>>> print(open('start_36.tsv').read())   # TSV, N, CA and C atoms
chain	number	residue	atom	x	y	z
D	224	MET	N	-1.60	57.23	73.63
D	224	MET	CA	-1.78	58.10	72.50
D	224	MET	C	-3.10	57.74	71.86
D	225	ALA	N	-3.94	58.69	71.71
D	225	ALA	CA	-5.28	58.48	71.21
D	225	ALA	C	-5.31	58.76	69.72
D	226	LEU	N	-6.14	57.94	69.03
D	226	LEU	CA	-6.28	58.13	67.60
D	226	LEU	C	-7.39	59.12	67.34
D	227	SER	N	-7.12	60.06	66.52
D	227	SER	CA	-8.15	61.03	66.19
D	227	SER	C	-8.92	60.55	64.98
D	228	SER	N	-10.03	61.18	64.73
D	228	SER	CA	-10.87	60.78	63.60
D	228	SER	C	-10.14	61.02	62.29
D	229	VAL	N	-9.24	61.98	62.26
D	229	VAL	CA	-8.47	62.27	61.05
D	229	VAL	C	-7.53	61.11	60.78
D	230	ASP	N	-6.93	60.62	61.88
D	230	ASP	CA	-6.02	59.48	61.72
D	230	ASP	C	-6.79	58.25	61.23
D	231	LEU	N	-8.00	58.01	61.76
D	231	LEU	CA	-8.81	56.86	61.35
D	231	LEU	C	-9.24	56.98	59.90
D	232	GLN	N	-9.60	58.23	59.53
D	232	GLN	CA	-10.00	58.42	58.13
D	232	GLN	C	-8.81	58.22	57.21
D	233	ALA	N	-7.66	58.69	57.62
D	233	ALA	CA	-6.46	58.53	56.81
D	233	ALA	C	-6.10	57.06	56.75
D	234	GLY	N	-6.21	56.36	57.88
D	234	GLY	CA	-5.93	54.93	57.92
D	234	GLY	C	-6.93	54.15	57.10
D	235	GLY	N	-8.20	54.54	57.19
D	235	GLY	CA	-9.24	53.87	56.41
D	235	GLY	C	-9.02	54.08	54.93
D	236	GLY	N	-8.60	55.26	54.53
D	236	GLY	CA	-8.33	55.54	53.11
D	236	GLY	C	-7.13	54.75	52.63
D	237	LEU	N	-6.13	54.63	53.53
D	237	LEU	CA	-4.94	53.87	53.19
D	237	LEU	C	-5.30	52.39	53.03
D	238	TRP	N	-6.14	51.89	53.97
D	238	TRP	CA	-6.58	50.49	53.89
D	238	TRP	C	-7.37	50.24	52.60
D	239	SER	N	-8.21	51.14	52.23
D	239	SER	CA	-9.01	51.04	51.01
D	239	SER	C	-8.09	51.04	49.79
D	240	GLN	N	-7.08	51.87	49.83
D	240	GLN	CA	-6.12	51.95	48.72
D	240	GLN	C	-5.34	50.64	48.59
D	241	ILE	N	-4.95	50.07	49.73
D	241	ILE	CA	-4.22	48.79	49.72
D	241	ILE	C	-5.11	47.69	49.16
D	242	GLN	N	-6.37	47.67	49.60
D	242	GLN	CA	-7.30	46.66	49.08
D	242	GLN	C	-7.49	46.79	47.58
D	243	GLN	N	-7.56	48.02	47.11
D	243	GLN	CA	-7.73	48.27	45.68
D	243	GLN	C	-6.51	47.78	44.91
D	244	GLN	N	-5.31	48.03	45.45
D	244	GLN	CA	-4.08	47.58	44.78
D	244	GLN	C	-4.03	46.04	44.72
D	245	PHE	N	-4.43	45.40	45.85
D	245	PHE	CA	-4.48	43.94	45.84
D	245	PHE	C	-5.48	43.43	44.81
D	246	ALA	N	-6.60	44.06	44.73
D	246	ALA	CA	-7.63	43.64	43.79
D	246	ALA	C	-7.15	43.81	42.35
D	247	GLU	N	-6.47	44.95	42.08
D	247	GLU	CA	-5.94	45.19	40.74
D	247	GLU	C	-4.88	44.16	40.39
D	248	ARG	N	-3.99	43.89	41.38
D	248	ARG	CA	-2.93	42.90	41.13
D	248	ARG	C	-3.54	41.52	40.88
D	249	ASN	N	-4.54	41.16	41.67
D	249	ASN	CA	-5.22	39.87	41.47
D	249	ASN	C	-5.89	39.82	40.10
D	250	ALA	N	-6.49	40.91	39.67
D	250	ALA	CA	-7.14	40.97	38.36
D	250	ALA	C	-6.11	40.80	37.25
D	251	VAL	N	-4.97	41.48	37.38
D	251	VAL	CA	-3.92	41.38	36.36
D	251	VAL	C	-3.40	39.94	36.30
D	252	GLN	N	-3.16	39.35	37.47
D	252	GLN	CA	-2.68	37.97	37.50
D	252	GLN	C	-3.71	37.01	36.90
D	253	ALA	N	-4.96	37.23	37.19
D	253	ALA	CA	-6.02	36.39	36.64
D	253	ALA	C	-6.08	36.52	35.12
D	254	GLU	N	-5.91	37.73	34.60
D	254	GLU	CA	-5.90	37.94	33.15
D	254	GLU	C	-4.71	37.24	32.52
D	255	GLN	N	-3.55	37.33	33.19
D	255	GLN	CA	-2.35	36.66	32.66
D	255	GLN	C	-2.55	35.13	32.63
D	256	ARG	N	-3.13	34.59	33.70
D	256	ARG	CA	-3.41	33.16	33.72
D	256	ARG	C	-4.41	32.78	32.63
D	257	ALA	N	-5.42	33.62	32.46
D	257	ALA	CA	-6.44	33.36	31.43
D	257	ALA	C	-5.80	33.35	30.04
D	258	ARG	N	-4.93	34.34	29.76
D	258	ARG	CA	-4.25	34.39	28.46
D	258	ARG	C	-3.35	33.16	28.27
D	259	ALA	N	-2.64	32.76	29.31
D	259	ALA	CA	-1.77	31.59	29.22
D	259	ALA	C	-2.59	30.33	28.97
D	260	LEU	N	-3.72	30.21	29.67
D	260	LEU	CA	-4.58	29.05	29.47
D	260	LEU	C	-5.20	29.04	28.08
D	261	GLN	N	-5.58	30.22	27.59
D	261	GLN	CA	-6.13	30.30	26.23
D	261	GLN	C	-5.07	29.88	25.21
D	262	SER	N	-3.84	30.30	25.44
D	262	SER	CA	-2.75	29.93	24.54
D	262	SER	C	-2.54	28.41	24.57
D	263	GLN	N	-2.54	27.84	25.76
D	263	GLN	CA	-2.39	26.39	25.88
D	263	GLN	C	-3.56	25.67	25.22
D	264	ALA	N	-4.76	26.23	25.38
D	264	ALA	CA	-5.94	25.60	24.77
D	264	ALA	C	-5.84	25.63	23.25
D	265	ARG	N	-5.39	26.76	22.67
D	265	ARG	CA	-5.21	26.85	21.22
D	265	ARG	C	-4.16	25.85	20.75
D	266	GLN	N	-3.07	25.74	21.51
D	266	GLN	CA	-2.02	24.81	21.15
D	266	GLN	C	-2.54	23.36	21.22
D	267	ALA	N	-3.27	23.04	22.26
D	267	ALA	CA	-3.82	21.69	22.41
D	267	ALA	C	-4.83	21.40	21.30
D	268	GLN	N	-5.64	22.39	20.94
D	268	GLN	CA	-6.61	22.20	19.85
D	268	GLN	C	-5.88	21.94	18.53
D	269	GLY	N	-4.79	22.68	18.30
D	269	GLY	CA	-4.00	22.45	17.08
D	269	GLY	C	-3.42	21.05	17.05
D	270	GLU	N	-2.91	20.60	18.20
D	270	GLU	CA	-2.36	19.25	18.27
D	270	GLU	C	-3.46	18.21	18.06
D	271	ALA	N	-4.63	18.46	18.62
D	271	ALA	CA	-5.75	17.53	18.44
D	271	ALA	C	-6.18	17.48	16.98
D	272	ASP	N	-6.21	18.64	16.32
D	272	ASP	CA	-6.57	18.67	14.90
D	272	ASP	C	-5.56	17.88	14.07
D	273	ARG	N	-4.26	18.07	14.38
D	273	ARG	CA	-3.22	17.34	13.64
D	273	ARG	C	-3.34	15.84	13.91
D	274	ALA	N	-3.61	15.48	15.15
D	274	ALA	CA	-3.76	14.06	15.49
D	274	ALA	C	-4.96	13.45	14.77
D	275	GLN	N	-6.04	14.20	14.67
D	275	GLN	CA	-7.23	13.69	13.98
D	275	GLN	C	-6.94	13.52	12.49
D	276	GLU	N	-6.24	14.47	11.91
D	276	GLU	CA	-5.88	14.35	10.49
D	276	GLU	C	-4.95	13.16	10.28
D	277	ASN	N	-4.03	12.97	11.20
D	277	ASN	CA	-3.12	11.82	11.12
D	277	ASN	C	-3.92	10.52	11.22
D	278	ALA	N	-4.90	10.49	12.10
D	278	ALA	CA	-5.74	9.30	12.25
D	278	ALA	C	-6.51	9.02	10.96
D	279	ARG	N	-7.03	10.05	10.32
D	279	ARG	CA	-7.73	9.87	9.04
D	279	ARG	C	-6.79	9.29	7.99
D	280	SER	N	-5.58	9.85	7.95
D	280	SER	CA	-4.59	9.39	6.98
D	280	SER	C	-4.23	7.93	7.23
D	281	LEU	N	-4.03	7.58	8.49
D	281	LEU	CA	-3.69	6.19	8.83
D	281	LEU	C	-4.83	5.25	8.47
D	282	LYS	N	-6.06	5.69	8.69
D	282	LYS	CA	-7.21	4.85	8.35
D	282	LYS	C	-7.26	4.61	6.85
D	283	GLN	N	-7.01	5.67	6.08
D	283	GLN	CA	-7.02	5.53	4.63
D	283	GLN	C	-5.90	4.59	4.17
D	284	GLN	N	-4.71	4.74	4.75
D	284	GLN	CA	-3.60	3.86	4.40
D	284	GLN	C	-3.91	2.42	4.78
D	285	SER	N	-4.56	2.24	5.92
D	285	SER	CA	-4.94	0.91	6.37
D	285	SER	C	-5.91	0.26	5.40
D	286	THR	N	-6.89	1.02	4.96
D	286	THR	CA	-7.88	0.51	4.01
D	286	THR	C	-7.19	0.11	2.70
D	287	GLN	N	-6.28	0.96	2.25
D	287	GLN	CA	-5.56	0.67	1.01
D	287	GLN	C	-4.70	-0.58	1.18
D	288	ALA	N	-4.01	-0.70	2.31
D	288	ALA	CA	-3.17	-1.88	2.55
D	288	ALA	C	-4.01	-3.14	2.62
D	289	GLN	N	-5.20	-3.04	3.21
D	289	GLN	CA	-6.09	-4.19	3.28
D	289	GLN	C	-6.51	-4.63	1.87
D	290	GLY	N	-6.83	-3.66	1.02
D	290	GLY	CA	-7.18	-3.98	-0.36
D	290	GLY	C	-6.02	-4.64	-1.10
D	291	GLU	N	-4.81	-4.15	-0.87
D	291	GLU	CA	-3.64	-4.74	-1.51
D	291	GLU	C	-3.41	-6.17	-1.01
D	292	ALA	N	-3.65	-6.39	0.28
D	292	ALA	CA	-3.48	-7.74	0.84
D	292	ALA	C	-4.49	-8.70	0.22
D	293	GLU	N	-5.73	-8.25	0.07
D	293	GLU	CA	-6.76	-9.10	-0.55
D	293	GLU	C	-6.40	-9.41	-1.99
D	294	GLN	N	-5.90	-8.40	-2.70
D	294	GLN	CA	-5.48	-8.62	-4.10
D	294	GLN	C	-4.33	-9.62	-4.15
D	295	ALA	N	-3.40	-9.51	-3.22
D	295	ALA	CA	-2.28	-10.46	-3.18
D	295	ALA	C	-2.77	-11.87	-2.91
D	296	ARG	N	-3.77	-12.01	-2.00
D	296	ARG	CA	-4.32	-13.34	-1.73
D	296	ARG	C	-4.99	-13.92	-2.98
D	297	ARG	N	-5.73	-13.07	-3.69
D	297	ARG	CA	-6.38	-13.54	-4.92
D	297	ARG	C	-5.34	-13.96	-5.96
D	298	SER	N	-4.27	-13.18	-6.06
D	298	SER	CA	-3.20	-13.50	-7.01
D	298	SER	C	-2.54	-14.83	-6.63
D	299	LEU	N	-2.32	-15.02	-5.34
D	299	LEU	CA	-1.71	-16.26	-4.89
D	299	LEU	C	-2.61	-17.45	-5.21
D	300	SER	N	-3.90	-17.28	-5.02
D	300	SER	CA	-4.85	-18.34	-5.34
D	300	SER	C	-4.83	-18.63	-6.84
D	301	ALA	N	-4.77	-17.57	-7.64
D	301	ALA	CA	-4.73	-17.74	-9.10
D	301	ALA	C	-3.46	-18.45	-9.52
D	302	ILE	N	-2.35	-18.12	-8.88
D	302	ILE	CA	-1.08	-18.77	-9.21
D	302	ILE	C	-1.17	-20.26	-8.89
D	303	GLY	N	-1.79	-20.57	-7.75
D	303	GLY	CA	-1.99	-21.99	-7.41
D	303	GLY	C	-2.83	-22.69	-8.45
D	304	SER	N	-3.89	-22.03	-8.90
D	304	SER	CA	-4.77	-22.62	-9.92
D	304	SER	C	-4.01	-22.81	-11.23
D	305	ILE	N	-3.19	-21.84	-11.59
D	305	ILE	CA	-2.39	-21.96	-12.83
D	305	ILE	C	-1.45	-23.14	-12.71
D	306	GLY	N	-0.86	-23.31	-11.53
D	306	GLY	CA	0.03	-24.46	-11.33
D	306	GLY	C	-0.69	-25.77	-11.51
D	307	GLU	N	-1.93	-25.86	-11.00
D	307	GLU	CA	-2.73	-27.08	-11.16
D	307	GLU	C	-3.04	-27.33	-12.64
D	308	VAL	N	-3.39	-26.26	-13.37
D	308	VAL	CA	-3.69	-26.40	-14.80
D	308	VAL	C	-2.45	-26.85	-15.55
D	309	GLN	N	-1.30	-26.26	-15.22
D	309	GLN	CA	-0.06	-26.66	-15.89
D	309	GLN	C	0.27	-28.12	-15.61
D	310	ALA	N	0.04	-28.55	-14.38
D	310	ALA	CA	0.28	-29.96	-14.04
D	310	ALA	C	-0.66	-30.86	-14.85
D	311	GLY	N	-1.91	-30.42	-15.00
D	311	GLY	CA	-2.87	-31.18	-15.81
D	311	GLY	C	-2.44	-31.26	-17.26
D	312	PHE	N	-1.95	-30.14	-17.82
D	312	PHE	CA	-1.47	-30.13	-19.20
D	312	PHE	C	-0.27	-31.06	-19.36
D	313	SER	N	0.60	-31.03	-18.36
D	313	SER	CA	1.78	-31.89	-18.42
D	313	SER	C	1.36	-33.36	-18.45
D	314	ALA	N	0.42	-33.72	-17.61
D	314	ALA	CA	-0.07	-35.11	-17.59
D	314	ALA	C	-0.74	-35.46	-18.92
D	315	LEU	N	-1.50	-34.50	-19.47
D	315	LEU	CA	-2.18	-34.74	-20.75
D	315	LEU	C	-1.16	-34.93	-21.87
D	316	ARG	N	-0.10	-34.10	-21.88
D	316	ARG	CA	0.95	-34.25	-22.89
D	316	ARG	C	1.60	-35.63	-22.80
D	317	THR	N	1.82	-36.07	-21.58
D	317	THR	CA	2.41	-37.40	-21.37
D	317	THR	C	1.49	-38.48	-21.93
D	318	GLN	N	0.21	-38.36	-21.64
D	318	GLN	CA	-0.75	-39.36	-22.14
D	318	GLN	C	-0.82	-39.34	-23.66
D	319	ILE	N	-0.84	-38.14	-24.23
D	319	ILE	CA	-0.89	-38.04	-25.70
D	319	ILE	C	0.36	-38.65	-26.31
D	320	GLY	N	1.50	-38.36	-25.69
D	320	GLY	CA	2.76	-38.94	-26.18
D	320	GLY	C	2.73	-40.45	-26.14
D	321	GLU	N	2.18	-41.03	-25.08
D	321	GLU	CA	2.09	-42.49	-24.96
D	321	GLU	C	1.16	-43.06	-26.04
D	322	VAL	N	0.01	-42.41	-26.25
D	322	VAL	CA	-0.94	-42.88	-27.26
D	322	VAL	C	-0.32	-42.81	-28.64
D	323	LEU	N	0.38	-41.72	-28.93
D	323	LEU	CA	1.01	-41.59	-30.25
D	323	LEU	C	2.12	-42.61	-30.44
D	324	ALA	N	2.86	-42.89	-29.38
D	324	ALA	CA	3.92	-43.89	-29.49
D	324	ALA	C	3.32	-45.27	-29.76
D	325	ASP	N	2.23	-45.59	-29.08
D	325	ASP	CA	1.55	-46.86	-29.32
D	325	ASP	C	0.99	-46.93	-30.74
D	326	ALA	N	0.47	-45.82	-31.24
D	326	ALA	CA	-0.14	-45.79	-32.57
D	326	ALA	C	0.92	-45.97	-33.66
D	327	GLU	N	2.11	-45.49	-33.42
D	327	GLU	CA	3.17	-45.63	-34.42
D	327	GLU	C	3.66	-47.07	-34.49
D	328	GLN	N	3.60	-47.79	-33.40
D	328	GLN	CA	4.10	-49.15	-33.37
D	328	GLN	C	3.09	-50.14	-33.94
D	329	ALA	N	1.82	-49.92	-33.76
D	329	ALA	CA	0.80	-50.87	-34.21
D	329	ALA	C	0.42	-50.57	-35.65
D	330	PRO	N	0.21	-51.64	-36.44
D	330	PRO	CA	-0.24	-51.39	-37.81
D	330	PRO	C	-1.69	-50.91	-37.77
D	331	PRO	N	-2.06	-50.11	-38.71
D	331	PRO	CA	-3.43	-49.62	-38.71
D	331	PRO	C	-4.41	-50.78	-38.89
D	332	ALA	N	-5.45	-50.72	-38.15
D	332	ALA	CA	-6.45	-51.78	-38.22
D	332	ALA	C	-7.40	-51.49	-39.37
D	333	ALA	N	-7.80	-52.54	-40.06
D	333	ALA	CA	-8.73	-52.38	-41.16
D	333	ALA	C	-10.13	-52.27	-40.59
D	334	VAL	N	-10.94	-51.42	-41.19
D	334	VAL	CA	-12.29	-51.18	-40.73
D	334	VAL	C	-13.23	-51.45	-41.91
D	335	VAL	N	-14.31	-52.12	-41.63
D	335	VAL	CA	-15.31	-52.38	-42.66
D	335	VAL	C	-16.36	-51.30	-42.53
D	336	ASN	N	-16.63	-50.59	-43.65
D	336	ASN	CA	-17.62	-49.52	-43.62
D	336	ASN	C	-19.02	-50.07	-43.81
D	337	ALA	N	-20.02	-49.17	-43.91
D	337	ALA	CA	-21.43	-49.57	-44.02
D	337	ALA	C	-21.72	-50.32	-45.32
D	338	TYR	N	-20.87	-50.21	-46.30
D	338	TYR	CA	-21.08	-50.88	-47.58
D	338	TYR	C	-20.37	-52.22	-47.66
D	339	GLY	N	-19.70	-52.57	-46.53
D	339	GLY	CA	-18.98	-53.83	-46.50
D	339	GLY	C	-17.61	-53.75	-47.09
D	340	GLU	N	-17.11	-52.57	-47.32
D	340	GLU	CA	-15.79	-52.39	-47.90
D	340	GLU	C	-14.76	-52.24	-46.77
D	341	THR	N	-13.59	-52.78	-46.99
D	341	THR	CA	-12.51	-52.66	-46.02
D	341	THR	C	-11.81	-51.34	-46.25
D	342	THR	N	-11.68	-50.59	-45.17
D	342	THR	CA	-10.98	-49.31	-45.27
D	342	THR	C	-9.85	-49.29	-44.23
D	343	GLY	N	-8.97	-48.34	-44.39
D	343	GLY	CA	-7.87	-48.20	-43.43
D	343	GLY	C	-6.65	-48.96	-43.84
D	344	THR	N	-6.62	-49.50	-45.06
D	344	THR	CA	-5.42	-50.17	-45.54
D	344	THR	C	-4.78	-49.28	-46.59
D	345	ARG	N	-3.53	-49.47	-46.76
D	345	ARG	CA	-2.83	-48.63	-47.75
D	345	ARG	C	-2.88	-49.33	-49.11
D	346	VAL	N	-3.13	-48.51	-50.07
D	346	VAL	CA	-3.19	-49.01	-51.43
D	346	VAL	C	-2.15	-48.24	-52.22
D	347	ASN	N	-1.32	-48.94	-52.97
D	347	ASN	CA	-0.32	-48.28	-53.79
D	347	ASN	C	-0.98	-48.01	-55.14
D	348	VAL	N	-1.12	-46.77	-55.44
D	348	VAL	CA	-1.81	-46.41	-56.68
D	348	VAL	C	-0.82	-45.99	-57.77
D	349	THR	N	0.43	-46.19	-57.53
D	349	THR	CA	1.40	-45.81	-58.55
D	349	THR	C	1.53	-46.97	-59.55
D	350	ALA	N	1.59	-46.68	-60.80
D	350	ALA	CA	1.66	-47.75	-61.77
D	350	ALA	C	2.91	-47.65	-62.60
>>> encode(input="start_36.tsv", output="structure tokens")
Amino acid sequence: MALSSVDLQAGGGLWSQIQQQFAERNAVQAEQRARALQSQARQAQGEADRAQENARSLKQQSTQAQGEAEQARRSLSAIGSIGEVQAGFSALRTQIGEVLADAEQAPPAAVVNAYGETTGTRVNVTA
């Protein structure tokens, strides 16, 4: 059976039509993939933006926590210094108490002033 030119032209037109349908289908699929990828890209960009904002927030919180830690260290140092001062005051109170106790037990010593007069003794001036 021989193919006539009409059959070849009809076959060629059919082949061209099939190629066009494949091309259209491929174009539609490519557009769908492109839209899906664009959607994924937008979603990923949103997640990246949120992650970056979270990172900024964490950095700020970290800086604040570091400042609070330094303040706590300074306060601890000050508390230690206050403890040392209080211990010094306690020792001083003890020494003062000892000196006063000794002073109450000993009679006052007489002192001779620049004029040769004895001072520091008690004189009863009641008559």
>>> atom_distance(input="start_36.tsv", atom1="atom C of Glu327 of chain D", atom2="atom N of Val348 of chain D")
21.5 Å
>>> atom_distance(input="start_36.tsv", atom1="atom CA of Glu247 of chain D", atom2="atom N of Ala264 of chain D")
24.4 Å
>>> atom_distance(input="start_36.tsv", atom1="atom C of Gln318 of chain D", atom2="atom CA of Val334 of chain D")
23.7 Å
>>> axis_aligned_box(input="start_36.tsv", around="segment 299-309 of chain D", padding_each_side="8 Å", output="lines of an AutoDock Vina configuration file")
center_x = -2.3
center_y = -21.6
center_z = -10.4
size_x = 21.1
size_y = 29.1
size_z = 27.0
>>> decode(input="start_36.tsv", residues="segment 278-289 of chain D", atoms="N, CA and C atoms", output="tab-separated table (two decimals), in the first residue's frame")
chain	number	residue	atom	x	y	z
D	278	ALA	N	17.39	36.33	65.59
D	278	ALA	CA	18.81	36.46	65.90
D	278	ALA	C	19.10	37.85	66.49
D	279	ARG	N	18.50	38.88	65.94
D	279	ARG	CA	18.69	40.24	66.49
D	279	ARG	C	18.18	40.30	67.93
D	280	SER	N	17.01	39.71	68.14
D	280	SER	CA	16.42	39.72	69.47
D	280	SER	C	17.30	38.97	70.46
D	281	LEU	N	17.81	37.82	70.05
D	281	LEU	CA	18.68	37.04	70.93
D	281	LEU	C	19.97	37.80	71.24
D	282	LYS	N	20.50	38.50	70.24
D	282	LYS	CA	21.72	39.28	70.46
D	282	LYS	C	21.46	40.38	71.48
D	283	GLN	N	20.32	41.05	71.35
D	283	GLN	CA	19.97	42.11	72.28
D	283	GLN	C	19.80	41.54	73.70
D	284	GLN	N	19.11	40.40	73.81
D	284	GLN	CA	18.93	39.78	75.11
D	284	GLN	C	20.27	39.35	75.71
D	285	SER	N	21.16	38.86	74.86
D	285	SER	CA	22.48	38.45	75.30
D	285	SER	C	23.26	39.64	75.84
D	286	THR	N	23.21	40.75	75.14
D	286	THR	CA	23.91	41.96	75.59
D	286	THR	C	23.35	42.42	76.93
D	287	GLN	N	22.03	42.39	77.06
D	287	GLN	CA	21.41	42.80	78.31
D	287	GLN	C	21.81	41.85	79.44
D	288	ALA	N	21.80	40.55	79.18
D	288	ALA	CA	22.18	39.58	80.21
D	288	ALA	C	23.64	39.76	80.61
D	289	GLN	N	24.49	40.08	79.65
D	289	GLN	CA	25.89	40.32	79.96
D	289	GLN	C	26.04	41.53	80.88
